[in-house]
Structure formats: structure tokens, C-alpha cells
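Novice: Coordinates in model.txt, compact mmCIF, N, CA and C atoms, are listed below.
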# COMPACT_ATOMS: atom_id res chain seq x y z
N MET A 6 92.85 95.65 91.12
CA MET A 6 93.37 94.76 90.10
C MET A 6 93.01 95.33 88.73
N TRP A 7 94.00 95.50 87.93
CA TRP A 7 93.82 96.09 86.61
C TRP A 7 93.72 95.00 85.55
N GLY A 8 92.51 94.53 85.27
CA GLY A 8 92.29 93.60 84.18
C GLY A 8 92.94 92.24 84.36
N VAL A 9 93.09 91.81 85.58
CA VAL A 9 93.69 90.50 85.84
C VAL A 9 92.64 89.57 86.41
N PRO A 10 92.91 88.28 86.34
CA PRO A 10 91.97 87.31 86.91
C PRO A 10 91.87 87.47 88.43
N THR A 11 90.96 86.74 89.01
CA THR A 11 90.81 86.76 90.46
C THR A 11 92.04 86.15 91.13
N VAL A 12 92.18 86.41 92.42
CA VAL A 12 93.27 85.81 93.19
C VAL A 12 93.18 84.29 93.10
N GLU A 13 91.97 83.77 93.17
CA GLU A 13 91.76 82.33 93.07
C GLU A 13 92.28 81.80 91.74
N ALA A 14 91.95 82.48 90.65
CA ALA A 14 92.39 82.04 89.32
C ALA A 14 93.91 82.13 89.18
N LEU A 15 94.50 83.18 89.71
CA LEU A 15 95.96 83.31 89.66
C LEU A 15 96.64 82.18 90.41
N CYS A 16 96.14 81.89 91.61
CA CYS A 16 96.73 80.82 92.42
C CYS A 16 96.53 79.46 91.78
N GLN A 17 95.36 79.24 91.22
CA GLN A 17 95.10 77.97 90.55
C GLN A 17 96.03 77.80 89.35
N ALA A 18 96.23 78.85 88.58
CA ALA A 18 97.13 78.78 87.43
C ALA A 18 98.57 78.50 87.87
N ALA A 19 99.02 79.18 88.91
CA ALA A 19 100.39 78.96 89.41
C ALA A 19 100.55 77.52 89.90
N GLN A 20 99.55 77.03 90.60
CA GLN A 20 99.61 75.65 91.11
C GLN A 20 99.64 74.66 89.95
N SER A 21 98.81 74.87 88.95
CA SER A 21 98.74 73.93 87.83
C SER A 21 100.03 73.94 87.00
N GLN A 22 100.79 75.03 87.08
CA GLN A 22 102.07 75.12 86.37
C GLN A 22 103.23 74.62 87.22
N GLY A 23 102.92 74.13 88.42
CA GLY A 23 103.96 73.58 89.28
C GLY A 23 104.80 74.62 90.01
N GLN A 24 104.28 75.82 90.12
CA GLN A 24 105.02 76.88 90.82
C GLN A 24 104.97 76.65 92.33
N ASP A 25 106.02 77.03 93.02
CA ASP A 25 106.05 76.96 94.48
C ASP A 25 105.71 78.30 95.11
N TYR A 26 106.03 79.39 94.42
CA TYR A 26 105.85 80.74 94.94
C TYR A 26 104.99 81.55 93.98
N LEU A 27 104.31 82.55 94.54
CA LEU A 27 103.56 83.50 93.72
C LEU A 27 103.59 84.85 94.42
N ALA A 28 103.89 85.90 93.67
CA ALA A 28 103.88 87.26 94.20
C ALA A 28 102.63 87.98 93.71
N LEU A 29 102.10 88.84 94.56
CA LEU A 29 100.97 89.68 94.19
C LEU A 29 101.24 91.08 94.72
N THR A 30 101.08 92.07 93.85
CA THR A 30 101.28 93.46 94.27
C THR A 30 100.05 94.28 93.95
N ASP A 31 99.76 95.23 94.80
CA ASP A 31 98.75 96.25 94.55
C ASP A 31 99.48 97.57 94.38
N THR A 32 98.84 98.54 93.78
CA THR A 32 99.46 99.84 93.59
C THR A 32 99.28 100.68 94.85
N ASN A 33 100.40 101.08 95.45
CA ASN A 33 100.44 101.95 96.62
C ASN A 33 99.66 101.41 97.82
N GLY A 34 99.59 100.10 97.95
CA GLY A 34 98.89 99.53 99.10
C GLY A 34 99.00 98.02 99.15
N LEU A 35 98.40 97.48 100.19
CA LEU A 35 98.37 96.02 100.40
C LEU A 35 96.92 95.55 100.45
N TYR A 36 96.10 96.09 99.58
CA TYR A 36 94.66 95.93 99.64
C TYR A 36 94.19 94.48 99.57
N GLY A 37 94.82 93.66 98.77
CA GLY A 37 94.41 92.27 98.63
C GLY A 37 95.31 91.28 99.33
N ALA A 38 96.19 91.75 100.19
CA ALA A 38 97.23 90.89 100.77
C ALA A 38 96.67 89.76 101.63
N ILE A 39 95.72 90.05 102.49
CA ILE A 39 95.20 89.01 103.39
C ILE A 39 94.50 87.92 102.59
N ARG A 40 93.65 88.31 101.67
CA ARG A 40 92.95 87.32 100.83
C ARG A 40 93.97 86.50 100.03
N PHE A 41 94.97 87.17 99.49
CA PHE A 41 96.01 86.48 98.73
C PHE A 41 96.74 85.46 99.60
N LEU A 42 97.12 85.83 100.81
CA LEU A 42 97.79 84.90 101.72
C LEU A 42 96.95 83.65 101.94
N GLU A 43 95.67 83.85 102.20
CA GLU A 43 94.77 82.72 102.46
C GLU A 43 94.65 81.80 101.25
N VAL A 44 94.38 82.38 100.10
CA VAL A 44 94.14 81.59 98.89
C VAL A 44 95.43 80.91 98.42
N ALA A 45 96.54 81.61 98.47
CA ALA A 45 97.81 81.01 98.06
C ALA A 45 98.13 79.79 98.91
N ARG A 46 97.95 79.92 100.20
CA ARG A 46 98.24 78.78 101.10
C ARG A 46 97.28 77.62 100.84
N GLU A 47 96.01 77.92 100.55
CA GLU A 47 95.05 76.87 100.21
C GLU A 47 95.50 76.08 98.98
N HIS A 48 96.22 76.73 98.09
CA HIS A 48 96.71 76.09 96.86
C HIS A 48 98.13 75.55 97.01
N GLY A 49 98.64 75.55 98.23
CA GLY A 49 99.98 75.01 98.48
C GLY A 49 101.11 75.90 97.99
N LEU A 50 100.82 77.17 97.79
CA LEU A 50 101.83 78.12 97.32
C LEU A 50 102.41 78.92 98.47
N LYS A 51 103.63 79.36 98.29
CA LYS A 51 104.27 80.26 99.25
C LYS A 51 104.06 81.67 98.71
N PRO A 52 103.23 82.47 99.38
CA PRO A 52 102.93 83.81 98.87
C PRO A 52 104.05 84.80 99.12
N ILE A 53 104.26 85.68 98.16
CA ILE A 53 105.20 86.78 98.29
C ILE A 53 104.37 88.07 98.25
N ILE A 54 104.40 88.80 99.36
CA ILE A 54 103.64 90.03 99.49
C ILE A 54 104.47 91.18 98.92
N GLY A 55 103.79 92.12 98.28
CA GLY A 55 104.51 93.27 97.76
C GLY A 55 103.56 94.37 97.36
N ALA A 56 104.14 95.45 96.86
CA ALA A 56 103.35 96.58 96.39
C ALA A 56 104.11 97.26 95.26
N GLU A 57 103.35 97.80 94.32
CA GLU A 57 103.93 98.67 93.32
C GLU A 57 103.81 100.08 93.88
N LEU A 58 104.93 100.71 94.12
CA LEU A 58 104.95 102.06 94.67
C LEU A 58 105.08 103.05 93.52
N VAL A 59 104.12 103.96 93.43
CA VAL A 59 104.12 104.96 92.36
C VAL A 59 103.96 106.34 93.01
N SER A 60 104.83 107.25 92.62
CA SER A 60 104.75 108.62 93.11
C SER A 60 105.42 109.53 92.09
N GLY A 61 104.63 110.40 91.50
CA GLY A 61 105.18 111.29 90.48
C GLY A 61 105.79 110.50 89.34
N GLN A 62 107.05 110.77 89.04
CA GLN A 62 107.73 110.10 87.93
C GLN A 62 108.37 108.78 88.34
N HIS A 63 108.32 108.44 89.62
CA HIS A 63 108.99 107.24 90.12
C HIS A 63 108.02 106.07 90.25
N ARG A 64 108.58 104.87 90.01
CA ARG A 64 107.80 103.64 90.15
C ARG A 64 108.76 102.52 90.51
N ALA A 65 108.34 101.68 91.46
CA ALA A 65 109.14 100.52 91.83
C ALA A 65 108.22 99.43 92.37
N VAL A 66 108.63 98.20 92.19
CA VAL A 66 107.93 97.07 92.80
C VAL A 66 108.75 96.67 94.02
N LEU A 67 108.10 96.61 95.17
CA LEU A 67 108.75 96.27 96.43
C LEU A 67 108.20 94.93 96.90
N LEU A 68 109.08 93.94 97.04
CA LEU A 68 108.68 92.60 97.47
C LEU A 68 109.27 92.31 98.84
N VAL A 69 108.46 91.73 99.70
CA VAL A 69 108.84 91.44 101.09
C VAL A 69 109.64 90.15 101.16
N LYS A 70 110.81 90.21 101.84
CA LYS A 70 111.64 89.02 102.05
C LYS A 70 111.45 88.42 103.44
N ASN A 71 111.08 89.24 104.41
CA ASN A 71 111.03 88.79 105.80
C ASN A 71 110.20 89.78 106.62
N PRO A 72 110.01 89.51 107.93
CA PRO A 72 109.20 90.42 108.75
C PRO A 72 109.72 91.86 108.78
N THR A 73 111.02 92.04 108.75
CA THR A 73 111.57 93.40 108.70
C THR A 73 111.14 94.09 107.42
N GLY A 74 111.17 93.36 106.32
CA GLY A 74 110.73 93.91 105.04
C GLY A 74 109.26 94.29 105.04
N TYR A 75 108.43 93.46 105.67
CA TYR A 75 107.00 93.78 105.76
C TYR A 75 106.80 95.08 106.54
N ALA A 76 107.48 95.19 107.68
CA ALA A 76 107.37 96.41 108.49
C ALA A 76 107.84 97.62 107.69
N ASN A 77 108.93 97.47 106.96
CA ASN A 77 109.43 98.59 106.17
C ASN A 77 108.51 98.93 105.00
N LEU A 78 107.92 97.93 104.38
CA LEU A 78 106.95 98.21 103.31
C LEU A 78 105.77 98.99 103.87
N CYS A 79 105.29 98.61 105.03
CA CYS A 79 104.19 99.35 105.67
C CYS A 79 104.61 100.79 105.97
N ARG A 80 105.83 100.99 106.43
CA ARG A 80 106.33 102.35 106.69
C ARG A 80 106.36 103.18 105.40
N ILE A 81 106.86 102.58 104.34
CA ILE A 81 106.94 103.28 103.06
C ILE A 81 105.55 103.64 102.55
N LEU A 82 104.62 102.70 102.60
CA LEU A 82 103.27 102.96 102.11
C LEU A 82 102.56 104.00 102.97
N SER A 83 102.76 103.95 104.28
CA SER A 83 102.17 104.95 105.17
C SER A 83 102.71 106.34 104.83
N ALA A 84 104.01 106.44 104.63
CA ALA A 84 104.60 107.72 104.26
C ALA A 84 104.04 108.21 102.93
N ARG A 85 103.88 107.30 101.98
CA ARG A 85 103.34 107.65 100.66
C ARG A 85 101.95 108.27 100.77
N HIS A 86 101.14 107.75 101.69
CA HIS A 86 99.77 108.24 101.83
C HIS A 86 99.62 109.41 102.80
N CYS A 87 100.52 109.53 103.77
CA CYS A 87 100.32 110.50 104.86
C CYS A 87 101.26 111.70 104.82
N ASP A 88 102.36 111.61 104.12
CA ASP A 88 103.36 112.67 104.12
C ASP A 88 103.21 113.51 102.85
N ALA A 89 102.76 114.73 103.01
CA ALA A 89 102.54 115.61 101.85
C ALA A 89 103.83 115.88 101.09
N SER A 90 104.96 115.81 101.78
CA SER A 90 106.25 116.05 101.11
C SER A 90 107.00 114.74 100.89
N PHE A 91 106.27 113.67 100.60
CA PHE A 91 106.85 112.34 100.41
C PHE A 91 107.99 112.39 99.40
N ASP A 92 109.15 111.88 99.80
CA ASP A 92 110.33 111.81 98.94
C ASP A 92 110.57 110.34 98.62
N PHE A 93 110.23 109.94 97.43
CA PHE A 93 110.27 108.54 97.00
C PHE A 93 111.64 107.92 97.24
N ILE A 94 112.68 108.49 96.66
CA ILE A 94 114.02 107.91 96.73
C ILE A 94 114.52 107.86 98.17
N HIS A 95 114.38 108.94 98.90
CA HIS A 95 114.84 108.98 100.29
C HIS A 95 114.11 107.94 101.14
N THR A 96 112.80 107.87 101.02
CA THR A 96 112.01 106.96 101.86
C THR A 96 112.33 105.51 101.54
N VAL A 97 112.39 105.17 100.27
CA VAL A 97 112.70 103.78 99.90
C VAL A 97 114.12 103.42 100.33
N THR A 98 115.05 104.33 100.15
CA THR A 98 116.43 104.08 100.57
C THR A 98 116.51 103.88 102.08
N GLN A 99 115.82 104.70 102.81
CA GLN A 99 115.84 104.64 104.28
C GLN A 99 115.24 103.34 104.81
N HIS A 100 114.23 102.80 104.12
CA HIS A 100 113.49 101.63 104.61
C HIS A 100 113.64 100.42 103.69
N ARG A 101 114.77 100.25 103.06
CA ARG A 101 114.95 99.18 102.07
C ARG A 101 115.25 97.81 102.67
N ARG A 102 115.68 97.76 103.92
CA ARG A 102 116.08 96.49 104.54
C ARG A 102 114.91 95.49 104.52
N GLY A 103 115.19 94.28 104.08
CA GLY A 103 114.18 93.23 104.05
C GLY A 103 113.29 93.25 102.82
N LEU A 104 113.63 94.09 101.85
CA LEU A 104 112.83 94.20 100.63
C LEU A 104 113.67 93.88 99.41
N VAL A 105 113.03 93.33 98.40
CA VAL A 105 113.60 93.24 97.06
C VAL A 105 112.96 94.40 96.29
N ILE A 106 113.78 95.24 95.68
CA ILE A 106 113.29 96.43 95.00
C ILE A 106 113.59 96.31 93.51
N LEU A 107 112.55 96.37 92.71
CA LEU A 107 112.67 96.31 91.25
C LEU A 107 112.28 97.68 90.69
N SER A 108 113.22 98.35 90.05
CA SER A 108 112.94 99.69 89.55
C SER A 108 113.86 100.03 88.39
N ASP A 109 113.42 100.94 87.56
CA ASP A 109 114.29 101.43 86.50
C ASP A 109 114.86 102.79 86.87
N ASP A 110 114.62 103.25 88.09
CA ASP A 110 115.20 104.52 88.59
C ASP A 110 116.62 104.32 89.05
Since I need it in another form, could you write the structure as C-alpha cells?

Specialist:
Amino acid sequence: MWGVPTVEALCQAAQSQGQDYLALTDTNGLYGAIRFLEVAREHGLKPIIGAELVSGQHRAVLLVKNPTGYANLCRILSARHCDASFDFIHTVTQHRRGLVILSDD
């Protein structure tokens, strides 16, 4: 987390503002996802899991819509960490089903 409040504080703020949903992303991983799921649900929020994918000059926010999207996000992140010849555009395009993709590319 880069200079942001705790997951608890984020969820409390969203709840106090009457939000139903809250998204949380980590850079190139799902490091805080489990804790976020737990805390969001404790606050009556519907959590949206995602990741900010960064590789070279490319950057995109990937948000999960459904179980297929979660599986594809895991595939993309695994490729990002394990494939020395990781191709950002090709990999995201190949595994885009079930994801909302926000990018300026």
C-alpha cells in the first residue's frame, strides 16, 4: 500500500459514505486480497478484487467480475512473475474474459 489508510479505514470510510461496493488493487499481485475480502464483508460491503498490472511501459488496472475473471487474473499475474519473456498486451488479451480492464494503452 502506497501511502493509503489501512484496509479497515478504507472499508469504514466506504461504509460511512453509503457505498455498496469497494475495489482494492495491489501492484502486480493480490497481496491484501484475503484480508480485504474479510474486512469488506464485515462492513457490509461487496468487495471487488483486482490488481494494477505494471510491466515496462504498460500499466492497467484489472478488476474481477466473476470466477472466470479471478482465474484469469491469477494466470496473468503468474505469467508476469514467472515468464521472463512476459508480453503484457498478448497475455492480457488472451486472458481478458471475466475482467474489467482500465488502461490508457

Novice: Would you please extract all alpha helix (DSSP H) residues from segment 11-90 of chain A, as assigned by DSSP on the backbone, and give them as a compact mmCIF listing (two decimals) with N, CA and C atoms, in the frame of the given file?

Specialist:
# COMPACT_ATOMS: atom_id res chain seq x y z
N VAL A 12 92.18 86.41 92.42
CA VAL A 12 93.27 85.81 93.19
C VAL A 12 93.18 84.29 93.10
N GLU A 13 91.97 83.77 93.17
CA GLU A 13 91.76 82.33 93.07
C GLU A 13 92.28 81.80 91.74
N ALA A 14 91.95 82.48 90.65
CA ALA A 14 92.39 82.04 89.32
C ALA A 14 93.91 82.13 89.18
N LEU A 15 94.50 83.18 89.71
CA LEU A 15 95.96 83.31 89.66
C LEU A 15 96.64 82.18 90.41
N CYS A 16 96.14 81.89 91.61
CA CYS A 16 96.73 80.82 92.42
C CYS A 16 96.53 79.46 91.78
N GLN A 17 95.36 79.24 91.22
CA GLN A 17 95.10 77.97 90.55
C GLN A 17 96.03 77.80 89.35
N ALA A 18 96.23 78.85 88.58
CA ALA A 18 97.13 78.78 87.43
C ALA A 18 98.57 78.50 87.87
N ALA A 19 99.02 79.18 88.91
CA ALA A 19 100.39 78.96 89.41
C ALA A 19 100.55 77.52 89.90
N GLN A 20 99.55 77.03 90.60
CA GLN A 20 99.61 75.65 91.11
C GLN A 20 99.64 74.66 89.95
N SER A 21 98.81 74.87 88.95
CA SER A 21 98.74 73.93 87.83
C SER A 21 100.03 73.94 87.00
N ALA A 38 96.19 91.75 100.19
CA ALA A 38 97.23 90.89 100.77
C ALA A 38 96.67 89.76 101.63
N ILE A 39 95.72 90.05 102.49
CA ILE A 39 95.20 89.01 103.39
C ILE A 39 94.50 87.92 102.59
N ARG A 40 93.65 88.31 101.67
CA ARG A 40 92.95 87.32 100.83
C ARG A 40 93.97 86.50 100.03
N PHE A 41 94.97 87.17 99.49
CA PHE A 41 96.01 86.48 98.73
C PHE A 41 96.74 85.46 99.60
N LEU A 42 97.12 85.83 100.81
CA LEU A 42 97.79 84.90 101.72
C LEU A 42 96.95 83.65 101.94
N GLU A 43 95.67 83.85 102.20
CA GLU A 43 94.77 82.72 102.46
C GLU A 43 94.65 81.80 101.25
N VAL A 44 94.38 82.38 100.10
CA VAL A 44 94.14 81.59 98.89
C VAL A 44 95.43 80.91 98.42
N ALA A 45 96.54 81.61 98.47
CA ALA A 45 97.81 81.01 98.06
C ALA A 45 98.13 79.79 98.91
N ARG A 46 97.95 79.92 100.20
CA ARG A 46 98.24 78.78 101.10
C ARG A 46 97.28 77.62 100.84
N GLU A 47 96.01 77.92 100.55
CA GLU A 47 95.05 76.87 100.21
C GLU A 47 95.50 76.08 98.98
N PRO A 72 110.01 89.51 107.93
CA PRO A 72 109.20 90.42 108.75
C PRO A 72 109.72 91.86 108.78
N THR A 73 111.02 92.04 108.75
CA THR A 73 111.57 93.40 108.70
C THR A 73 111.14 94.09 107.42
N GLY A 74 111.17 93.36 106.32
CA GLY A 74 110.73 93.91 105.04
C GLY A 74 109.26 94.29 105.04
N TYR A 75 108.43 93.46 105.67
CA TYR A 75 107.00 93.78 105.76
C TYR A 75 106.80 95.08 106.54
N ALA A 76 107.48 95.19 107.68
CA ALA A 76 107.37 96.41 108.49
C ALA A 76 107.84 97.62 107.69
N ASN A 77 108.93 97.47 106.96
CA ASN A 77 109.43 98.59 106.17
C ASN A 77 108.51 98.93 105.00
N LEU A 78 107.92 97.93 104.38
CA LEU A 78 106.95 98.21 103.31
C LEU A 78 105.77 98.99 103.87
N CYS A 79 105.29 98.61 105.03
CA CYS A 79 104.19 99.35 105.67
C CYS A 79 104.61 100.79 105.97
N ARG A 80 105.83 100.99 106.43
CA ARG A 80 106.33 102.35 106.69
C ARG A 80 106.36 103.18 105.40
N ILE A 81 106.86 102.58 104.34
CA ILE A 81 106.94 103.28 103.06
C ILE A 81 105.55 103.64 102.55
N LEU A 82 104.62 102.70 102.60
CA LEU A 82 103.27 102.96 102.11
C LEU A 82 102.56 104.00 102.97
N SER A 83 102.76 103.95 104.28
CA SER A 83 102.17 104.95 105.17
C SER A 83 102.71 106.34 104.83
N ALA A 84 104.01 106.44 104.63
CA ALA A 84 104.60 107.72 104.26
C ALA A 84 104.04 108.21 102.93
N ARG A 85 103.88 107.30 101.98
CA ARG A 85 103.34 107.65 100.66
C ARG A 85 101.95 108.27 100.77
N HIS A 86 101.14 107.75 101.69
CA HIS A 86 99.77 108.24 101.83
C HIS A 86 99.62 109.41 102.80
N CYS A 87 100.52 109.53 103.77
CA CYS A 87 100.32 110.50 104.86
C CYS A 87 101.26 111.70 104.82

Novice: From the list A:Leu35, A:Val69, A:Ile53, A:Leu42, which residue is nearest Leu82 of chain A when using only N, CA and C atoms?

Specialist: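 Looking only at the distances to Leu82 of chain A, the closest residue turns out to be A:Leu35.
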
Novice: Here is a test: counting all atoms listed in the file, which residue of A:Gln20, A:Ser83, A:Ser108, A:Ser90 is nearest to His48 of chain A?

Specialist: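 Checking each candidate against His48 of chain A, we get A:Gln20 as the closest.
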
Novice: Smallest atom-to-atom distance to Ala65 of chain A: which of A:Asp110, A:Glu43, A:Asp88, A:Asp31, using only C-alpha atoms?

Specialist: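 Closest to Ala65 of chain A, using only C-alpha atoms: A:Asp110.
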
Novice: Can you tell me which residues surround segment 93-105 of chain A at a distance of at most 6.5 Å, considering only N, CA and C atoms, apart from same-chain residues fewer than 6 positions away, and format the answer as JSON, numbers by chain?

Specialist: {"A": [66, 67, 68, 69, 70, 71, 73, 74, 75, 77, 78, 81]}

Novice: Work out how far apart atom CA of Gly34 of chain A and atom CA of His86 of chain A are and give it in Å to one decimal.

Specialist: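 Straight-line distance from atom CA of Gly34 of chain A to atom CA of His86 of chain A works out to 9.2 Å.
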
Novice: Hey, which of A:Glu57, A:His63, A:Ala19, A:Cys87 ends up closest to Ala45 of chain A? Count only C-alpha atoms.

Specialist: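 Distance minimum relative to Ala45 of chain A lands on A:Ala19.
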
Novice: May I ask for the distance between atom C of Arg64 of chain A and atom CA of Ile106 of chain A, given in Å to one decimal place?

Specialist: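 Answer for the atom C of Arg64 of chain A to atom CA of Ile106 of chain A separation: 8.8 Å.
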
Novice: With distances taken over all atoms listed in the file, which of A:Gly37, A:Pro10, A:Gly61, A:Gly49 is nearest to Gln24 of chain A?

Specialist: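 That would be A:Gly49, the residue with the smallest distance to Gln24 of chain A.
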
Novice: From the options A:Ala89, A:Ala84, A:Leu15, A:Ala76, which residue's atoms come nearest to Val44 of chain A, counting only C-alpha atoms?

Specialist: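 Among the listed residues, A:Leu15 lies closest to Val44 of chain A.
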
Novice: If I only want segment 35-52 of chain A, can you write it with N, CA and C atoms, as a compact mmCIF listing (two decimals), in the first residue's frame?

Specialist:
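The resulting file, decode10.txt, is shown below:
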# COMPACT_ATOMS: atom_id res chain seq x y z
N LEU A 35 -1.93 -9.99 -5.57
CA LEU A 35 -3.17 -9.98 -4.79
C LEU A 35 -2.83 -10.07 -3.30
N TYR A 36 -1.82 -9.35 -2.89
CA TYR A 36 -1.22 -9.49 -1.57
C TYR A 36 -2.20 -9.25 -0.43
N GLY A 37 -3.08 -8.29 -0.55
CA GLY A 37 -4.02 -7.98 0.53
C GLY A 37 -5.43 -8.47 0.28
N ALA A 38 -5.62 -9.32 -0.71
CA ALA A 38 -6.97 -9.69 -1.15
C ALA A 38 -7.77 -10.41 -0.06
N ILE A 39 -7.18 -11.37 0.61
CA ILE A 39 -7.94 -12.15 1.60
C ILE A 39 -8.37 -11.25 2.76
N ARG A 40 -7.45 -10.47 3.26
CA ARG A 40 -7.79 -9.54 4.36
C ARG A 40 -8.87 -8.57 3.91
N PHE A 41 -8.74 -8.05 2.70
CA PHE A 41 -9.74 -7.13 2.16
C PHE A 41 -11.11 -7.78 2.07
N LEU A 42 -11.18 -9.01 1.57
CA LEU A 42 -12.47 -9.72 1.50
C LEU A 42 -13.12 -9.81 2.87
N GLU A 43 -12.33 -10.19 3.86
CA GLU A 43 -12.86 -10.35 5.22
C GLU A 43 -13.38 -9.03 5.78
N VAL A 44 -12.57 -8.00 5.70
CA VAL A 44 -12.92 -6.71 6.30
C VAL A 44 -14.08 -6.05 5.54
N ALA A 45 -14.06 -6.13 4.23
CA ALA A 45 -15.16 -5.54 3.44
C ALA A 45 -16.49 -6.18 3.82
N ARG A 46 -16.50 -7.49 3.92
CA ARG A 46 -17.74 -8.18 4.28
C ARG A 46 -18.19 -7.83 5.70
N GLU A 47 -17.24 -7.67 6.62
CA GLU A 47 -17.58 -7.26 7.99
C GLU A 47 -18.27 -5.90 7.99
N HIS A 48 -17.95 -5.06 7.02
CA HIS A 48 -18.54 -3.72 6.92
C HIS A 48 -19.75 -3.69 5.99
N GLY A 49 -20.22 -4.86 5.57
CA GLY A 49 -21.39 -4.92 4.71
C GLY A 49 -21.15 -4.49 3.28
N LEU A 50 -19.90 -4.50 2.86
CA LEU A 50 -19.53 -4.09 1.50
C LEU A 50 -19.35 -5.31 0.60
N LYS A 51 -19.58 -5.11 -0.67
CA LYS A 51 -19.30 -6.13 -1.67
C LYS A 51 -17.91 -5.82 -2.23
N PRO A 52 -16.93 -6.65 -1.93
CA PRO A 52 -15.56 -6.37 -2.36
C PRO A 52 -15.34 -6.68 -3.84
